[in-house]
Amino acid sequence: MEWQQIEYFQKVAELQHMTQAAEALSISQPALSRSIARLEEELGVSLFERQGRRIILNQYGKLFLVHVNRILKEFKDTRQEIKYLLDPEHGEVSLGFLHTLGVNILPDILSGFQKLHPGTKIKLYQNNNVSLLKQLQAGEIDLCLVHHSNEDPHIQWEKLWEEELFLMVPATHPLADKKSITLDEVKDDPIISMKKGFELRKIADKLCHKASFIPNIAFEGEEVTTLLGLVASGLGVALLPDQKDIDENKVKKIHVRWPGCTRQIGLSWYESRTLSPASKSFMKYIFTHYRN
């Protein structure tokens with residue numbers, strides 16, 4: 001069954017006249033008749049009854065028309081939706097981001113972008129670094145804000161900024177009043193950390209190793225706000241990026257002067273995959289406003 005046959009059938013069913021339908025479709029009547037005959041042969045049933053010069057749908061034709069109308073409407077709607085998505089001002093961007101960016105950085109990025117592109121829809125996917133890159137590979141997201149790329153040569157990564165990681169301690173902690181420390185000063189403290197597999201956990205473990213101690217992990221979590229809540233309750237200390245919603249009456253952030261506690265954040269995309277105009281606009285915006 002060909003798509004053209006379906007469209008021809010719909011027009012004949014609408015006008016109930018072969019000659020008029022042929023004129024409306026700008027084809028010859030014999031060609032239209034042959035198309036309808038091939039369609040009926042493929043379906044194994046007649047769809048029309050002839051009444052003089054007019055033709056009317058029989059019970060099988062009426063049933064087939066219901067589905068044809070639905071199919072053609074779905075096609076029309078899908079084509080319009082695709083056209084809408086390809087409009088840079090009314091398209092869609094699927095953006096992945098690290099959990100730790102959800103409170104501090106992402107709202108600023110999105111609010112700034114949508115002031116310039118208010119019609120663009122942004123779908124957000126929050127996950128850890130490894131999972132985000134897998135989603136990018138699978139085509140589930142267009143772009144992602146991650147710590148680094150992986151070995152896949154098709155995944156591109158460009159640095160946007162470098163952010164400091166602070167030692168977060170309870171306000172009652174002996175080090176709370178210090179402006180800076182070395183990381184080994186908390187080697188005996190219970191550590192509150194992200195779960196294994198999270199990039200921030202990998203960075204923290206490497207920094208502790210560089211400071212010559214194995215961290216005593218007391219609690220693990222997936223959300224920065226949860227970790228900060230545990231710190232505020234006096235259950236341990238945590239190495240985290242700065243956060244806007246820190247309650248300074250309960251949590252103190254301390255600069256770590258050694259080893260240097262930083263991480264890089266960049267934008268990743270899949271090189272061989274065509275990006276929508278909306279996604280390209282987002283890339284241009286973030287590289288213009290947030291690079292370095």
# chains A, B, ... in the order shown; residues from 1 in each chain; ligands from 1
>>> select_by_dssp(residues="region 106-225 of chain A", states="strand (DSSP E)", output="number ranges by chain")
A: 121-127, 143-146, 155-170, 180-182, 190-194, 216-221
>>> residues_around(residues="Tyr125 (chain A)", least_positions_apart="2", cutoff="12 Å", atoms="only C-alpha atoms", output="list in words")
Val93, Ser94, Leu95, Gly96, Phe97, Leu98, His99, Leu101, Gly102, Leu106, Ile122, Lys123, Asn127, Asn128, Asn129, Ser131, Leu132, Leu133, Gln135, Leu136, Glu140, Ile141, Asp142, Leu143, Cys144, Leu145 and Val146 of chain A
>>> select_by_dssp(residues="region 166-252 of chain A", states="helix (DSSP H, G or I)", output="list in words")
Leu183, Asp184, Glu185, Val186, Glu199, Leu200, Arg201, Lys202, Ile203, Ala204, Asp205, Lys206, Leu207, Cys208, His209, Lys210, Val224, Thr225, Thr226, Leu227, Leu228, Gly229, Leu230, Val231 and Ala232 of chain A
>>> closest_residue(among="A:Ser33, A:Asn104, A:Gln5, A:Gln243", to="Met18 (chain A)", atoms="only C-alpha atoms")
A:Ser33
>>> residues_around(residues="Gly236 (chain A)", least_positions_apart="5", cutoff="6 Å", atoms="only C-alpha atoms", output="ChimeraX atom specification")
/A:190-192,231
>>> write_last_selection(atoms="N, CA, C and O atoms", output="compact mmCIF listing (two decimals), in the first residue's frame")
# COMPACT_ATOMS: atom_id res chain seq x y z
N PRO A 190 34.24 12.41 60.07
CA PRO A 190 33.32 11.66 59.20
C PRO A 190 33.01 12.51 57.95
O PRO A 190 32.76 13.71 58.05
N ILE A 191 33.05 11.87 56.80
CA ILE A 191 32.85 12.57 55.53
C ILE A 191 31.45 12.27 54.98
O ILE A 191 31.02 11.12 54.94
N ILE A 192 30.77 13.32 54.56
CA ILE A 192 29.48 13.19 53.89
C ILE A 192 29.72 13.42 52.40
O ILE A 192 30.25 14.47 52.01
N VAL A 231 25.31 17.94 56.95
CA VAL A 231 26.38 18.74 57.54
C VAL A 231 25.82 19.66 58.61
O VAL A 231 26.38 19.77 59.72
>>> residues_around(residues="Arg263 (chain A)", least_positions_apart="3", cutoff="10 Å", atoms="only C-alpha atoms", output="PyMOL selection string")
chain A and resi 147-148+161-165+199-200+203-204+241+260
>>> write_last_selection(atoms="C-alpha atoms", output="compact mmCIF listing (two decimals), in the first residue's frame")
# COMPACT_ATOMS: atom_id res chain seq x y z
CA HIS A 147 32.53 17.59 34.37
CA HIS A 148 34.26 15.98 31.40
CA TRP A 161 34.10 27.47 33.72
CA GLU A 162 36.10 26.20 36.66
CA GLU A 163 34.50 26.24 40.08
CA GLU A 164 35.97 25.93 43.53
CA LEU A 165 35.03 23.15 45.91
CA GLU A 199 31.82 12.61 39.38
CA LEU A 200 31.97 14.82 42.46
CA ILE A 203 37.02 14.17 42.53
CA ALA A 204 36.70 14.22 46.33
CA PRO A 241 30.73 23.51 45.21
CA GLY A 260 43.66 22.89 45.05
>>> atom_distance(atom1="CA of Leu32 (chain A)", atom2="CA of Ile6 (chain A)")
11.5 Å
>>> atom_distance(atom1="CA of Ser35 (chain A)", atom2="CA of Gln4 (chain A)")
8.7 Å
>>> closest_residue(among="A:Gly61, A:Gly91, A:Pro153, A:Gly197", to="Ser268 (chain A)", atoms="only C-alpha atoms")
A:Pro153
>>> closest_residue(among="A:Leu275, A:Ile71, A:Val12, A:Ile214", to="Gln29 (chain A)", atoms="only C-alpha atoms")
A:Val12
>>> atom_distance(atom1="CA of Thr172 (chain A)", atom2="CA of Lys250 (chain A)")
7.8 Å
>>> closest_residue(among="A:Gln51, A:Arg34, A:Gln59, A:Lys253", to="Lys178 (chain A)", atoms="only C-alpha atoms")
A:Lys253
>>> residues_around(residues="Ser272 (chain A)", least_positions_apart="5", cutoff="10 Å", atoms="only C-alpha atoms", output="count of residues only")
4
>>> decode(residues="region 188-200 of chain A", atoms="all heavy atoms", output="mmCIF file, in the first residue's frame")
data_model
loop_
_atom_site.group_PDB
_atom_site.id
_atom_site.type_symbol
_atom_site.label_atom_id
_atom_site.label_comp_id
_atom_site.auth_asym_id
_atom_site.auth_seq_id
_atom_site.Cartn_x
_atom_site.Cartn_y
_atom_site.Cartn_z
ATOM 1 N N ASP A 188 40.404 12.932 60.041
ATOM 2 C CA ASP A 188 39.767 12.087 61.059
ATOM 3 C C ASP A 188 38.260 12.341 61.168
ATOM 4 O O ASP A 188 37.581 11.688 61.969
ATOM 5 C CB ASP A 188 40.427 12.327 62.419
ATOM 6 C CG ASP A 188 41.893 11.902 62.434
ATOM 7 O OD1 ASP A 188 42.210 10.889 61.776
ATOM 8 O OD2 ASP A 188 42.701 12.591 63.081
ATOM 9 N N ASP A 189 37.752 13.281 60.393
ATOM 10 C CA ASP A 189 36.327 13.616 60.462
ATOM 11 C C ASP A 189 35.484 12.651 59.644
ATOM 12 O O ASP A 189 35.940 12.128 58.612
ATOM 13 C CB ASP A 189 36.096 15.025 59.920
ATOM 14 C CG ASP A 189 36.504 16.116 60.886
ATOM 15 O OD1 ASP A 189 37.717 16.245 61.176
ATOM 16 O OD2 ASP A 189 35.608 16.837 61.338
ATOM 17 N N PRO A 190 34.239 12.410 60.065
ATOM 18 C CA PRO A 190 33.320 11.660 59.200
ATOM 19 C C PRO A 190 33.010 12.508 57.955
ATOM 20 O O PRO A 190 32.757 13.707 58.055
ATOM 21 C CB PRO A 190 32.076 11.468 60.074
ATOM 22 C CG PRO A 190 32.161 12.537 61.116
ATOM 23 C CD PRO A 190 33.620 12.790 61.349
ATOM 24 N N ILE A 191 33.051 11.867 56.797
ATOM 25 C CA ILE A 191 32.847 12.572 55.534
ATOM 26 C C ILE A 191 31.448 12.274 54.982
ATOM 27 O O ILE A 191 31.018 11.116 54.935
ATOM 28 C CB ILE A 191 33.906 12.161 54.494
ATOM 29 C CG1 ILE A 191 35.323 12.421 55.025
ATOM 30 C CG2 ILE A 191 33.674 12.909 53.175
ATOM 31 C CD1 ILE A 191 35.669 13.872 55.243
ATOM 32 N N ILE A 192 30.774 13.322 54.562
ATOM 33 C CA ILE A 192 29.476 13.191 53.886
ATOM 34 C C ILE A 192 29.723 13.425 52.405
ATOM 35 O O ILE A 192 30.254 14.469 52.013
ATOM 36 C CB ILE A 192 28.463 14.209 54.444
ATOM 37 C CG1 ILE A 192 28.229 13.948 55.937
ATOM 38 C CG2 ILE A 192 27.158 14.151 53.668
ATOM 39 C CD1 ILE A 192 27.469 15.042 56.640
ATOM 40 N N SER A 193 29.364 12.447 51.576
ATOM 41 C CA SER A 193 29.776 12.509 50.177
ATOM 42 C C SER A 193 28.669 12.054 49.234
ATOM 43 O O SER A 193 27.687 11.431 49.645
ATOM 44 C CB SER A 193 31.014 11.627 49.972
ATOM 45 O OG SER A 193 31.460 11.651 48.641
ATOM 46 N N MET A 194 28.859 12.384 47.958
ATOM 47 C CA MET A 194 27.971 11.851 46.929
ATOM 48 C C MET A 194 28.200 10.346 46.819
ATOM 49 O O MET A 194 29.243 9.828 47.210
ATOM 50 C CB MET A 194 28.251 12.511 45.580
ATOM 51 C CG MET A 194 28.128 14.031 45.572
ATOM 52 S SD MET A 194 26.450 14.617 45.879
ATOM 53 C CE MET A 194 25.728 14.443 44.259
ATOM 54 N N LYS A 195 27.235 9.632 46.249
ATOM 55 C CA LYS A 195 27.360 8.194 46.076
ATOM 56 C C LYS A 195 28.447 7.854 45.057
ATOM 57 O O LYS A 195 28.815 8.676 44.222
ATOM 58 C CB LYS A 195 26.026 7.606 45.607
ATOM 59 C CG LYS A 195 24.949 7.583 46.673
ATOM 60 C CD LYS A 195 23.688 6.929 46.129
ATOM 61 C CE LYS A 195 22.612 6.839 47.206
ATOM 62 N NZ LYS A 195 21.374 6.229 46.674
ATOM 63 N N LYS A 196 28.939 6.635 45.136
ATOM 64 C CA LYS A 196 29.921 6.168 44.162
ATOM 65 C C LYS A 196 29.332 6.235 42.749
ATOM 66 O O LYS A 196 28.161 5.943 42.551
ATOM 67 C CB LYS A 196 30.351 4.733 44.475
ATOM 68 C CG LYS A 196 31.256 4.613 45.697
ATOM 69 C CD LYS A 196 31.728 3.188 45.881
ATOM 70 C CE LYS A 196 32.710 3.087 47.059
ATOM 71 N NZ LYS A 196 33.193 1.697 47.260
ATOM 72 N N GLY A 197 30.176 6.623 41.810
ATOM 73 C CA GLY A 197 29.714 6.774 40.431
ATOM 74 C C GLY A 197 29.483 8.220 40.063
ATOM 75 O O GLY A 197 29.557 8.588 38.895
ATOM 76 N N PHE A 198 29.218 9.060 41.074
ATOM 77 C CA PHE A 198 29.051 10.481 40.829
ATOM 78 C C PHE A 198 30.426 11.122 40.647
ATOM 79 O O PHE A 198 31.374 10.801 41.369
ATOM 80 C CB PHE A 198 28.305 11.155 41.983
ATOM 81 C CG PHE A 198 26.827 10.898 41.974
ATOM 82 C CD1 PHE A 198 26.314 9.644 42.296
ATOM 83 C CD2 PHE A 198 25.935 11.901 41.633
ATOM 84 C CE1 PHE A 198 24.958 9.402 42.286
ATOM 85 C CE2 PHE A 198 24.568 11.682 41.622
ATOM 86 C CZ PHE A 198 24.075 10.422 41.939
ATOM 87 N N GLU A 199 30.528 12.022 39.685
ATOM 88 C CA GLU A 199 31.821 12.612 39.379
ATOM 89 C C GLU A 199 32.381 13.393 40.555
ATOM 90 O O GLU A 199 33.598 13.384 40.808
ATOM 91 C CB GLU A 199 31.702 13.517 38.145
ATOM 92 C CG GLU A 199 33.000 13.769 37.433
ATOM 93 C CD GLU A 199 33.624 12.485 36.907
ATOM 94 O OE1 GLU A 199 32.883 11.551 36.523
ATOM 95 O OE2 GLU A 199 34.869 12.419 36.891
ATOM 96 N N LEU A 200 31.511 14.059 41.303
ATOM 97 C CA LEU A 200 31.972 14.823 42.464
ATOM 98 C C LEU A 200 32.576 13.899 43.521
ATOM 99 O O LEU A 200 33.526 14.285 44.219
ATOM 100 C CB LEU A 200 30.808 15.626 43.056
ATOM 101 C CG LEU A 200 31.175 16.761 44.003
ATOM 102 C CD1 LEU A 200 32.099 17.771 43.319
ATOM 103 C CD2 LEU A 200 29.917 17.466 44.495
#
